[in-house]
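**Student:** Input structure: target13.pdb, which contains PDB, C-alpha atoms.
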ATOM      1  CA  MET G 213      -8.229  10.554  -4.230  1.00  0.00           C
ATOM      2  CA  ALA G 214      -6.952  11.251  -7.739  1.00  0.00           C
ATOM      3  CA  LEU G 215      -3.933  13.386  -8.440  1.00  0.00           C
ATOM      4  CA  VAL G 216      -4.534  16.801  -9.924  1.00  0.00           C
ATOM      5  CA  LEU G 217      -2.270  17.045 -12.941  1.00  0.00           C
ATOM      6  CA  LEU G 218      -1.161  20.068 -14.899  1.00  0.00           C
ATOM      7  CA  ALA G 219      -1.423  19.512 -18.628  1.00  0.00           C
ATOM      8  CA  CYS G 220       1.510  21.809 -19.538  1.00  0.00           C
ATOM      9  CA  GLY G 221      -0.110  22.185 -22.956  1.00  0.00           C
ATOM     10  CA  ALA G 222       0.814  18.675 -24.128  1.00  0.00           C
ATOM     11  CA  LEU G 223      -1.598  16.395 -25.929  1.00  0.00           C
ATOM     12  CA  VAL G 224      -1.371  12.816 -24.731  1.00  0.00           C
ATOM     13  CA  THR G 225      -3.354   9.752 -25.704  1.00  0.00           C
ATOM     14  CA  ALA G 226      -3.737   6.887 -23.274  1.00  0.00           C
ATOM     15  CA  GLY G 227      -1.513   3.832 -23.688  1.00  0.00           C
ATOM     16  CA  SER G 228      -1.707   0.630 -21.708  1.00  0.00           C
ATOM     17  CA  LEU G 229       0.037   1.869 -18.587  1.00  0.00           C
ATOM     18  CA  ARG G 230       1.614  -0.818 -16.376  1.00  0.00           C
ATOM     19  CA  VAL G 231       3.139  -0.359 -12.926  1.00  0.00           C
ATOM     20  CA  GLU G 232       5.213  -3.099 -11.327  1.00  0.00           C
ATOM     21  CA  VAL G 233       6.849  -3.378  -7.940  1.00  0.00           C
ATOM     22  CA  PRO G 234       9.077  -6.434  -8.441  1.00  0.00           C
ATOM     23  CA  LEU G 235       9.359  -7.206  -4.708  1.00  0.00           C
ATOM     24  CA  ARG G 236       6.421  -7.898  -2.380  1.00  0.00           C
ATOM     25  CA  LYS G 237       8.356  -7.451   0.861  1.00  0.00           C
ATOM     26  CA  LEU G 238      11.500  -5.578   1.798  1.00  0.00           C
ATOM     27  CA  THR G 239      13.106  -5.986   5.232  1.00  0.00           C
ATOM     28  CA  VAL G 240      15.662  -3.410   6.390  1.00  0.00           C
ATOM     29  CA  ARG G 241      17.364  -2.481   9.645  1.00  0.00           C
ATOM     30  CA  LEU G 242      16.493   0.564  11.693  1.00  0.00           C
ATOM     31  CA  ASN G 243      18.277   3.692  10.317  1.00  0.00           C
ATOM     32  CA  ASP G 244      19.105   2.025   6.973  1.00  0.00           C
ATOM     33  CA  ASN G 245      18.613   3.899   3.711  1.00  0.00           C
ATOM     34  CA  VAL G 246      16.172   2.013   1.496  1.00  0.00           C
ATOM     35  CA  THR G 247      15.079   2.072  -2.137  1.00  0.00           C
ATOM     36  CA  MET G 248      11.647   0.609  -2.844  1.00  0.00           C
ATOM     37  CA  PRO G 249      11.483  -0.395  -6.523  1.00  0.00           C
ATOM     38  CA  CYS G 250       8.694   0.716  -8.849  1.00  0.00           C
ATOM     39  CA  ASN G 251       8.819   0.500 -12.638  1.00  0.00           C
ATOM     40  CA  PHE G 252       6.258   1.739 -15.118  1.00  0.00           C
ATOM     41  CA  SER G 253       5.813   1.210 -18.845  1.00  0.00           C
ATOM     42  CA  GLY G 254       3.195   1.404 -21.565  1.00  0.00           C
ATOM     43  CA  PHE G 255       2.713   5.154 -21.261  1.00  0.00           C
ATOM     44  CA  ALA G 256       1.536   7.033 -24.345  1.00  0.00           C
ATOM     45  CA  ARG G 257       4.677   9.120 -24.227  1.00  0.00           C
ATOM     46  CA  LEU G 258       6.912   9.989 -21.323  1.00  0.00           C
ATOM     47  CA  ASP G 259       5.898  13.563 -20.546  1.00  0.00           C
ATOM     48  CA  LEU G 260       6.303  14.421 -16.893  1.00  0.00           C
ATOM     49  CA  CYS G 261       4.180  17.544 -17.456  1.00  0.00           C
ATOM     50  CA  VAL G 262       1.096  15.322 -17.721  1.00  0.00           C
ATOM     51  CA  MET G 263       2.216  12.365 -15.623  1.00  0.00           C
ATOM     52  CA  GLY G 264       1.972  12.038 -11.884  1.00  0.00           C
ATOM     53  CA  ILE G 265       3.832   9.848  -9.422  1.00  0.00           C
ATOM     54  CA  ARG G 266       2.590   9.299  -5.898  1.00  0.00           C
ATOM     55  CA  TRP G 267       3.950   7.108  -3.143  1.00  0.00           C
ATOM     56  CA  TYR G 268       1.778   6.640  -0.086  1.00  0.00           C
ATOM     57  CA  ARG G 269       1.487   4.181   2.759  1.00  0.00           C
ATOM     58  CA  ILE G 270      -1.500   2.917   4.678  1.00  0.00           C
ATOM     59  CA  ASP G 271      -1.649   3.899   8.349  1.00  0.00           C
ATOM     60  CA  PRO G 272      -2.082   0.625  10.275  1.00  0.00           C
ATOM     61  CA  GLU G 273      -4.407   2.209  12.853  1.00  0.00           C
ATOM     62  CA  SER G 274      -6.687   4.521  10.850  1.00  0.00           C
ATOM     63  CA  LYS G 275      -6.283   2.702   7.489  1.00  0.00           C
ATOM     64  CA  SER G 276      -5.965   6.136   5.860  1.00  0.00           C
ATOM     65  CA  LYS G 277      -3.507   6.974   3.094  1.00  0.00           C
ATOM     66  CA  ILE G 278      -0.418   8.872   4.227  1.00  0.00           C
ATOM     67  CA  THR G 279       1.305  10.651   1.354  1.00  0.00           C
ATOM     68  CA  VAL G 280       5.062  10.105   1.293  1.00  0.00           C
ATOM     69  CA  LEU G 281       5.846  11.823  -2.025  1.00  0.00           C
ATOM     70  CA  GLU G 282       3.865  13.325  -4.920  1.00  0.00           C
ATOM     71  CA  LEU G 283       5.250  14.613  -8.193  1.00  0.00           C
ATOM     72  CA  PHE G 284       2.879  16.008 -10.794  1.00  0.00           C
ATOM     73  CA  GLY G 285       3.728  18.440 -13.533  1.00  0.00           C
ATOM     74  CA  ASN G 286       6.152  20.949 -12.037  1.00  0.00           C
ATOM     75  CA  ASN G 287       4.667  20.477  -8.557  1.00  0.00           C
ATOM     76  CA  LYS G 288       6.209  18.505  -5.709  1.00  0.00           C
ATOM     77  CA  ASN G 289       4.707  17.496  -2.392  1.00  0.00           C
ATOM     78  CA  ILE G 290       7.152  15.596  -0.183  1.00  0.00           C
ATOM     79  CA  PRO G 291       5.800  15.283   3.382  1.00  0.00           C
ATOM     80  CA  ARG G 292       8.298  12.565   4.400  1.00  0.00           C
ATOM     81  CA  THR G 293      11.640  14.274   4.978  1.00  0.00           C
ATOM     82  CA  GLY G 294      14.318  13.016   2.590  1.00  0.00           C
ATOM     83  CA  ALA G 295      11.965  10.993   0.366  1.00  0.00           C
ATOM     84  CA  GLU G 296      13.084  11.119  -3.257  1.00  0.00           C
ATOM     85  CA  VAL G 297      12.422   9.710  -6.708  1.00  0.00           C
ATOM     86  CA  SER G 298      15.384  10.189  -9.038  1.00  0.00           C
ATOM     87  CA  PRO G 299      14.464  12.548 -11.938  1.00  0.00           C
ATOM     88  CA  GLU G 300      17.027  10.796 -14.170  1.00  0.00           C
ATOM     89  CA  ARG G 301      15.615   7.321 -13.471  1.00  0.00           C
ATOM     90  CA  LEU G 302      12.058   8.652 -13.792  1.00  0.00           C
ATOM     91  CA  GLN G 303      12.871   9.519 -17.425  1.00  0.00           C
ATOM     92  CA  ARG G 304      13.501   5.772 -17.966  1.00  0.00           C
ATOM     93  CA  GLY G 305      10.272   4.599 -16.310  1.00  0.00           C
ATOM     94  CA  ASP G 306      11.776   4.012 -12.846  1.00  0.00           C
ATOM     95  CA  ALA G 307       9.782   5.605 -10.014  1.00  0.00           C
ATOM     96  CA  SER G 308      11.658   3.855  -7.196  1.00  0.00           C
ATOM     97  CA  LEU G 309      11.296   5.595  -3.840  1.00  0.00           C
ATOM     98  CA  GLN G 310      14.376   6.356  -1.793  1.00  0.00           C
ATOM     99  CA  LEU G 311      13.934   6.813   1.966  1.00  0.00           C
ATOM    100  CA  PRO G 312      16.897   7.756   4.153  1.00  0.00           C
ATOM    101  CA  ALA G 313      17.320   6.556   7.752  1.00  0.00           C
ATOM    102  CA  VAL G 314      14.121   4.522   8.050  1.00  0.00           C
ATOM    103  CA  GLN G 315      12.457   4.412  11.444  1.00  0.00           C
ATOM    104  CA  LEU G 316      10.000   1.954  12.974  1.00  0.00           C
ATOM    105  CA  GLY G 317       7.187   4.358  12.063  1.00  0.00           C
ATOM    106  CA  ASP G 318       8.141   4.044   8.376  1.00  0.00           C
ATOM    107  CA  ALA G 319       7.163   0.359   8.353  1.00  0.00           C
ATOM    108  CA  GLY G 320       4.032  -0.630   6.477  1.00  0.00           C
ATOM    109  CA  VAL G 321       2.474  -1.200   3.064  1.00  0.00           C
ATOM    110  CA  TYR G 322       3.605   1.347   0.459  1.00  0.00           C
ATOM    111  CA  TRP G 323       1.811   2.021  -2.826  1.00  0.00           C
ATOM    112  CA  CYS G 324       3.454   3.341  -5.975  1.00  0.00           C
ATOM    113  CA  GLU G 325       0.825   5.100  -8.084  1.00  0.00           C
ATOM    114  CA  VAL G 326       1.507   6.354 -11.605  1.00  0.00           C
ATOM    115  CA  VAL G 327      -0.933   8.520 -13.560  1.00  0.00           C
ATOM    116  CA  ASP G 328      -0.616   9.012 -17.303  1.00  0.00           C
ATOM    117  CA  THR G 329      -3.789  10.977 -17.970  1.00  0.00           C
ATOM    118  CA  PRO G 330      -6.377   9.476 -18.125  1.00  0.00           C
ATOM    119  CA  ALA G 331      -4.912   6.106 -17.007  1.00  0.00           C
ATOM    120  CA  MET G 332      -3.817   5.280 -13.459  1.00  0.00           C
ATOM    121  CA  GLU G 333      -2.100   2.119 -12.209  1.00  0.00           C
ATOM    122  CA  ASP G 334      -0.497   1.172  -8.901  1.00  0.00           C
ATOM    123  CA  ASP G 335       1.289  -1.644  -7.103  1.00  0.00           C
ATOM    124  CA  SER G 336       2.415  -2.196  -3.519  1.00  0.00           C
ATOM    125  CA  ILE G 337       5.288  -3.396  -1.347  1.00  0.00           C
ATOM    126  CA  LEU G 338       5.547  -4.197   2.367  1.00  0.00           C
ATOM    127  CA  LEU G 339       8.405  -2.448   4.171  1.00  0.00           C
ATOM    128  CA  GLU G 340       9.475  -4.193   7.367  1.00  0.00           C
ATOM    129  CA  VAL G 341      11.889  -2.408   9.691  1.00  0.00           C
ATOM    130  CA  LEU G 342      13.956  -4.662  11.956  1.00  0.00           C
ATOM    131  CA  ASP G 343      14.739  -3.364  15.433  1.00  0.00           C
ATOM    132  CA  GLU G 344      17.999  -5.205  16.128  1.00  0.00           C
ATOM    133  CA  GLN G 345      17.905  -4.523  19.885  1.00  0.00           C
ATOM    134  CA  THR G 346      14.646  -6.426  20.273  1.00  0.00           C
ATOM    135  CA  SER G 347      14.980  -8.600  17.121  1.00  0.00           C
ATOM    136  CA  ARG G 348      11.414  -7.640  16.206  1.00  0.00           C
ATOM    137  CA  ALA G 349      10.234  -6.629  12.750  1.00  0.00           C
ATOM    138  CA  PHE G 350       7.749  -3.814  12.325  1.00  0.00           C
ATOM    139  CA  PRO G 351       4.982  -3.838  11.276  1.00  0.00           C
ATOM    140  CA  GLU G 352       4.598  -6.936  13.383  1.00  0.00           C
ATOM    141  CA  GLY G 353       1.748  -9.375  13.387  1.00  0.00           C
ATOM    142  CA  ASN G 354      -0.414  -7.898  10.622  1.00  0.00           C
ATOM    143  CA  VAL G 355      -1.678 -11.351   9.733  1.00  0.00           C
ATOM    144  CA  GLY G 356      -1.990 -12.313  13.384  1.00  0.00           C
ATOM    145  CA  LYS G 357      -3.984  -9.194  14.198  1.00  0.00           C
ATOM    146  CA  ALA G 358      -6.382  -9.896  11.353  1.00  0.00           C
ATOM    147  CA  SER G 359      -6.900 -13.486  12.506  1.00  0.00           C
ATOM    148  CA  LYS G 360      -7.393 -12.302  16.099  1.00  0.00           C
ATOM    149  CA  LYS G 361     -10.142  -9.992  14.886  1.00  0.00           C
ATOM    150  CA  ILE G 362     -11.757 -12.901  13.076  1.00  0.00           C
ATOM    151  CA  ASP G 363     -11.457 -15.049  16.224  1.00  0.00           C
ATOM    152  CA  SER G 364     -13.109 -12.265  18.247  1.00  0.00           C
ATOM    153  CA  ILE G 365     -15.983 -12.095  15.778  1.00  0.00           C
ATOM    154  CA  TRP G 366     -16.501 -15.859  16.074  1.00  0.00           C
ATOM    155  CA  ILE G 367     -16.402 -15.675  19.872  1.00  0.00           C
ATOM    156  CA  LEU G 368     -19.044 -12.932  19.835  1.00  0.00           C
ATOM    157  CA  ALA G 369     -21.170 -14.788  17.265  1.00  0.00           C
ATOM    158  CA  LEU G 370     -20.954 -18.191  18.969  1.00  0.00           C
ATOM    159  CA  PRO G 371     -23.829 -17.607  21.467  1.00  0.00           C
ATOM    160  CA  ILE G 372     -26.064 -16.423  18.609  1.00  0.00           C
ATOM    161  CA  LEU G 373     -25.200 -19.492  16.532  1.00  0.00           C
ATOM    162  CA  LEU G 374     -25.829 -21.822  19.469  1.00  0.00           C
ATOM    163  CA  THR G 375     -29.208 -20.165  20.101  1.00  0.00           C
ATOM    164  CA  LEU G 376     -30.155 -20.655  16.462  1.00  0.00           C
ATOM    165  CA  ILE G 377     -29.112 -24.313  16.551  1.00  0.00           C
ATOM    166  CA  VAL G 378     -31.089 -24.985  19.756  1.00  0.00           C
ATOM    167  CA  ASN G 379     -34.225 -23.069  18.700  1.00  0.00           C
ATOM    168  CA  PHE G 380     -34.421 -24.225  15.079  1.00  0.00           C
ATOM    169  CA  ASN G 381     -34.383 -27.769  13.772  1.00  0.00           C
ATOM    170  CA  ILE G 382     -33.558 -28.299  10.156  1.00  0.00           C
ATOM    171  CA  LEU G 383     -35.240 -31.350   8.684  1.00  0.00           C
ATOM    172  CA  GLU G 384     -33.515 -33.606   6.187  1.00  0.00           C
ATOM    173  CA  GLN G 385     -35.821 -32.303   3.441  1.00  0.00           C
ATOM    174  CA  GLY G 386     -34.481 -28.782   4.025  1.00  0.00           C
ATOM    175  CA  ALA G 387     -37.629 -27.390   5.704  1.00  0.00           C
ATOM    176  CA  LEU G 388     -37.123 -25.115   8.701  1.00  0.00           C
ATOM    177  CA  VAL G 389     -39.064 -25.911  11.889  1.00  0.00           C
ATOM    178  CA  VAL G 390     -39.219 -23.406  14.760  1.00  0.00           C
ATOM    179  CA  ASN G 391     -39.500 -24.880  18.274  1.00  0.00           C
TER     180      ASN G 391
END
So that I can check it, write out the structure of this file as structure tokens.
**Tutor:**
Amino acid sequence: MALVLLACGALVTAGSLRVEVPLRKLTVRLNDNVTMPCNFSGFARLDLCVMGIRWYRIDPESKSKITVLELFGNNKNIPRTGAEVSPERLQRGDASLQLPAVQLGDAGVYWCEVVDTPAMEDDSILLEVLDEQTSRAFPEGNVGKASKKIDSIWILALPILLTLIVNFNILEQGALVVN
């Protein structure tokens, strides 16, 4: 979904917009305040009337985008309580997201999206939240869950593959013979 931007009457030509999140993973403790870095450059000219900033995360269950913060023109949409991007730092190309008192539900992959009409670029960071009482990091096992799904697919496909191997002989010349 693209951001709807107000032009504010400014004429802007596209530059070579670049967005960079210098860290790939950030691990914090439960209830910590966190700043997730996001820098952008290459904009035609820094005019927040025609630029948009959006931070969202991917819900691990539904895989849908959950908006954390949107700034476009003079409009703000901040569904996550306390989420903030510093207006002063934004003027210098810094769209870092500040989240106070992170909870286990805040863990996940976050995307920083910058729109300088008509260009749009984004980059991502993984936020892990450490529950010190259980010494577990959330989100936990993202890679393991993906490999378990792959293992399940192979387990389900194995009888089909075995049937194909038993019922079809492949000759050395590459011809297929059906029994």
**Student:** Name every residue that the PyMOL selection byres ((chain G and resi 296) around 7) selects in this structure, writing the answer as a list in words with chains first and numbers rising.
**Tutor:** Gly294, Ala295, Val297, Ser298, Leu309, Gln310 and Leu311 of chain G
**Student:** Using all atoms listed in the file, pick whichever of G:Cys250, G:Val280, G:Cys261, G:Leu242 has the shortest atom-to-atom distance to G:Val341.
**Tutor:** G:Leu242
**Student:** Run the PyMOL selection byres ((chain G and resi 255) around 12) mentally over the shown coordinates, then write out the matched residues as number ranges by chain, using the chain letters and numbers from the document.
**Tutor:** G: 224-231, 251-254, 256-260, 262-264, 303-305, 326-333
**Student:** Box for stretch 267-278 of chain G: with edges along x, y and z, all listed atoms inside and 8 Å added on each side, what are the centre and edge lengths in Å to one decimal, as JSON?
**Tutor:**
{"center_x": -1.4, "center_y": 4.7, "center_z": 4.9, "size_x": 26.6, "size_y": 24.2, "size_z": 32.0}
**Student:** Could you spell out the hits of the PyMOL selection byres ((chain G and resi 340) around 12) on the shown file, as an mmCIF file with C-alpha atoms, in the frame of the given file?
**Tutor:**
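Saved file selection35.cif follows:
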data_model
loop_
_atom_site.group_PDB
_atom_site.id
_atom_site.type_symbol
_atom_site.label_atom_id
_atom_site.label_comp_id
_atom_site.auth_asym_id
_atom_site.auth_seq_id
_atom_site.Cartn_x
_atom_site.Cartn_y
_atom_site.Cartn_z
ATOM 1 C CA ARG G 236 6.421 -7.898 -2.380
ATOM 2 C CA LYS G 237 8.356 -7.451 0.861
ATOM 3 C CA LEU G 238 11.500 -5.578 1.798
ATOM 4 C CA THR G 239 13.106 -5.986 5.232
ATOM 5 C CA VAL G 240 15.662 -3.410 6.390
ATOM 6 C CA ARG G 241 17.364 -2.481 9.645
ATOM 7 C CA LEU G 242 16.493 0.564 11.693
ATOM 8 C CA ASP G 244 19.105 2.025 6.973
ATOM 9 C CA VAL G 246 16.172 2.013 1.496
ATOM 10 C CA MET G 248 11.647 0.609 -2.844
ATOM 11 C CA VAL G 314 14.121 4.522 8.050
ATOM 12 C CA GLN G 315 12.457 4.412 11.444
ATOM 13 C CA LEU G 316 10.000 1.954 12.974
ATOM 14 C CA GLY G 317 7.187 4.358 12.063
ATOM 15 C CA ASP G 318 8.141 4.044 8.376
ATOM 16 C CA ALA G 319 7.163 0.359 8.353
ATOM 17 C CA GLY G 320 4.032 -0.630 6.477
ATOM 18 C CA VAL G 321 2.474 -1.200 3.064
ATOM 19 C CA TYR G 322 3.605 1.347 0.459
ATOM 20 C CA ILE G 337 5.288 -3.396 -1.347
ATOM 21 C CA LEU G 338 5.547 -4.197 2.367
ATOM 22 C CA LEU G 339 8.405 -2.448 4.171
ATOM 23 C CA VAL G 341 11.889 -2.408 9.691
ATOM 24 C CA LEU G 342 13.956 -4.662 11.956
ATOM 25 C CA ASP G 343 14.739 -3.364 15.433
ATOM 26 C CA ARG G 348 11.414 -7.640 16.206
ATOM 27 C CA ALA G 349 10.234 -6.629 12.750
ATOM 28 C CA PHE G 350 7.749 -3.814 12.325
ATOM 29 C CA PRO G 351 4.982 -3.838 11.276
ATOM 30 C CA GLU G 352 4.598 -6.936 13.383
ATOM 31 C CA GLY G 353 1.748 -9.375 13.387
ATOM 32 C CA ASN G 354 -0.414 -7.898 10.622
#
**Student:** What's the 6 Å shell around G:Glu325, counting all atoms listed in the file, without same-chain residues fewer than 6 positions away, as an MDAnalysis selection string?
**Tutor:** chainID G and resid 265:266 333:334
**Student:** Do you have the atom CA of G:Tyr268-atom CA of G:Glu282 distance handy?
**Tutor:**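 These atoms are spaced 8.5 Å apart.
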**Student:** Measuring between only C-alpha atoms, which one of G:Asn287, G:Gln345, G:Thr247, G:Ser274 shows the shortest distance to G:Leu235?
**Tutor:**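 For G:Leu235, the nearest of the candidates is G:Thr247.
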**Student:** Atom CA of G:Glu300 and atom CA of G:Trp267, how far apart in Å?
**Tutor:** 17.5 Å
**Student:** Provide the atom CA of G:Asp335 to atom CA of G:Asn243 distance in Å, to one decimal place.
**Tutor:**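 Going from atom CA of G:Asp335 over to atom CA of G:Asn243 covers 24.9 Å.
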**Student:** Fix up stretch 324-334 of chain G with all heavy atoms, then write it as a PDB file, keeping the file's coordinate frame.
**Tutor:**
ATOM      1  N   CYS G 324       2.899   2.516  -4.916  1.00  0.00           N
ATOM      2  CA  CYS G 324       3.454   3.341  -5.975  1.00  0.00           C
ATOM      3  C   CYS G 324       2.333   3.535  -6.993  1.00  0.00           C
ATOM      4  O   CYS G 324       1.849   2.569  -7.575  1.00  0.00           O
ATOM      5  CB  CYS G 324       4.648   2.642  -6.629  1.00  0.00           C
ATOM      6  SG  CYS G 324       5.302   3.505  -8.077  1.00  0.00           S
ATOM      7  N   GLU G 325       1.938   4.776  -7.190  1.00  0.00           N
ATOM      8  CA  GLU G 325       0.825   5.100  -8.084  1.00  0.00           C
ATOM      9  C   GLU G 325       1.348   5.990  -9.210  1.00  0.00           C
ATOM     10  O   GLU G 325       1.991   6.997  -8.946  1.00  0.00           O
ATOM     11  CB  GLU G 325      -0.247   5.830  -7.276  1.00  0.00           C
ATOM     12  CG  GLU G 325      -1.489   6.207  -8.020  1.00  0.00           C
ATOM     13  CD  GLU G 325      -2.476   6.897  -7.097  1.00  0.00           C
ATOM     14  OE1 GLU G 325      -2.374   8.124  -6.923  1.00  0.00           O
ATOM     15  OE2 GLU G 325      -3.341   6.196  -6.533  1.00  0.00           O
ATOM     16  N   VAL G 326       1.070   5.588 -10.437  1.00  0.00           N
ATOM     17  CA  VAL G 326       1.507   6.354 -11.605  1.00  0.00           C
ATOM     18  C   VAL G 326       0.271   6.735 -12.407  1.00  0.00           C
ATOM     19  O   VAL G 326      -0.583   5.892 -12.673  1.00  0.00           O
ATOM     20  CB  VAL G 326       2.493   5.549 -12.484  1.00  0.00           C
ATOM     21  CG1 VAL G 326       2.895   6.340 -13.727  1.00  0.00           C
ATOM     22  CG2 VAL G 326       3.724   5.148 -11.676  1.00  0.00           C
ATOM     23  N   VAL G 327       0.182   8.023 -12.764  1.00  0.00           N
ATOM     24  CA  VAL G 327      -0.933   8.520 -13.560  1.00  0.00           C
ATOM     25  C   VAL G 327      -0.380   9.052 -14.867  1.00  0.00           C
ATOM     26  O   VAL G 327       0.521   9.889 -14.886  1.00  0.00           O
ATOM     27  CB  VAL G 327      -1.698   9.644 -12.817  1.00  0.00           C
ATOM     28  CG1 VAL G 327      -2.813  10.189 -13.695  1.00  0.00           C
ATOM     29  CG2 VAL G 327      -2.244   9.145 -11.499  1.00  0.00           C
ATOM     30  N   ASP G 328      -0.894   8.505 -15.962  1.00  0.00           N
ATOM     31  CA  ASP G 328      -0.616   9.012 -17.303  1.00  0.00           C
ATOM     32  C   ASP G 328      -1.998   9.329 -17.864  1.00  0.00           C
ATOM     33  O   ASP G 328      -2.679   8.453 -18.377  1.00  0.00           O
ATOM     34  CB  ASP G 328       0.109   7.952 -18.138  1.00  0.00           C
ATOM     35  CG  ASP G 328       0.433   8.422 -19.548  1.00  0.00           C
ATOM     36  OD1 ASP G 328       0.419   9.643 -19.792  1.00  0.00           O
ATOM     37  OD2 ASP G 328       0.694   7.558 -20.404  1.00  0.00           O
ATOM     38  N   THR G 329      -2.414  10.563 -17.698  1.00  0.00           N
ATOM     39  CA  THR G 329      -3.789  10.977 -17.970  1.00  0.00           C
ATOM     40  C   THR G 329      -4.321  10.359 -19.256  1.00  0.00           C
ATOM     41  O   THR G 329      -3.662  10.463 -20.272  1.00  0.00           O
ATOM     42  CB  THR G 329      -3.863  12.513 -18.048  1.00  0.00           C
ATOM     43  OG1 THR G 329      -3.271  13.037 -16.862  1.00  0.00           O
ATOM     44  CG2 THR G 329      -5.277  12.997 -18.163  1.00  0.00           C
ATOM     45  N   PRO G 330      -5.439   9.666 -19.230  1.00  0.00           N
ATOM     46  CA  PRO G 330      -6.377   9.476 -18.125  1.00  0.00           C
ATOM     47  C   PRO G 330      -6.173   8.185 -17.347  1.00  0.00           C
ATOM     48  O   PRO G 330      -6.946   7.873 -16.462  1.00  0.00           O
ATOM     49  CB  PRO G 330      -7.727   9.442 -18.844  1.00  0.00           C
ATOM     50  CG  PRO G 330      -7.426   8.732 -20.124  1.00  0.00           C
ATOM     51  CD  PRO G 330      -6.020   9.187 -20.498  1.00  0.00           C
ATOM     52  N   ALA G 331      -5.131   7.401 -17.660  1.00  0.00           N
ATOM     53  CA  ALA G 331      -4.912   6.106 -17.007  1.00  0.00           C
ATOM     54  C   ALA G 331      -4.212   6.264 -15.661  1.00  0.00           C
ATOM     55  O   ALA G 331      -3.430   7.195 -15.456  1.00  0.00           O
ATOM     56  CB  ALA G 331      -4.078   5.209 -17.920  1.00  0.00           C
ATOM     57  N   MET G 332      -4.502   5.335 -14.742  1.00  0.00           N
ATOM     58  CA  MET G 332      -3.817   5.280 -13.459  1.00  0.00           C
ATOM     59  C   MET G 332      -3.614   3.817 -13.093  1.00  0.00           C
ATOM     60  O   MET G 332      -4.528   3.006 -13.219  1.00  0.00           O
ATOM     61  CB  MET G 332      -4.631   5.958 -12.362  1.00  0.00           C
ATOM     62  CG  MET G 332      -3.914   5.920 -11.024  1.00  0.00           C
ATOM     63  SD  MET G 332      -4.918   6.489  -9.647  1.00  0.00           S
ATOM     64  CE  MET G 332      -5.900   5.034  -9.352  1.00  0.00           C
ATOM     65  N   GLU G 333      -2.411   3.473 -12.666  1.00  0.00           N
ATOM     66  CA  GLU G 333      -2.100   2.119 -12.209  1.00  0.00           C
ATOM     67  C   GLU G 333      -1.256   2.228 -10.945  1.00  0.00           C
ATOM     68  O   GLU G 333      -0.553   3.231 -10.733  1.00  0.00           O
ATOM     69  CB  GLU G 333      -1.314   1.343 -13.274  1.00  0.00           C
ATOM     70  CG  GLU G 333      -2.128   0.982 -14.494  1.00  0.00           C
ATOM     71  CD  GLU G 333      -3.220  -0.035 -14.209  1.00  0.00           C
ATOM     72  OE1 GLU G 333      -3.008  -0.931 -13.365  1.00  0.00           O
ATOM     73  OE2 GLU G 333      -4.285   0.074 -14.833  1.00  0.00           O
ATOM     74  N   ASP G 334      -1.306   1.178 -10.114  1.00  0.00           N
ATOM     75  CA  ASP G 334      -0.497   1.172  -8.901  1.00  0.00           C
ATOM     76  C   ASP G 334      -0.101  -0.251  -8.535  1.00  0.00           C
ATOM     77  O   ASP G 334      -0.622  -1.219  -9.083  1.00  0.00           O
ATOM     78  CB  ASP G 334      -1.220   1.854  -7.733  1.00  0.00           C
ATOM     79  CG  ASP G 334      -2.565   1.217  -7.413  1.00  0.00           C
ATOM     80  OD1 ASP G 334      -2.811   0.067  -7.816  1.00  0.00           O
ATOM     81  OD2 ASP G 334      -3.382   1.884  -6.761  1.00  0.00           O
TER      82      ASP G 334
END
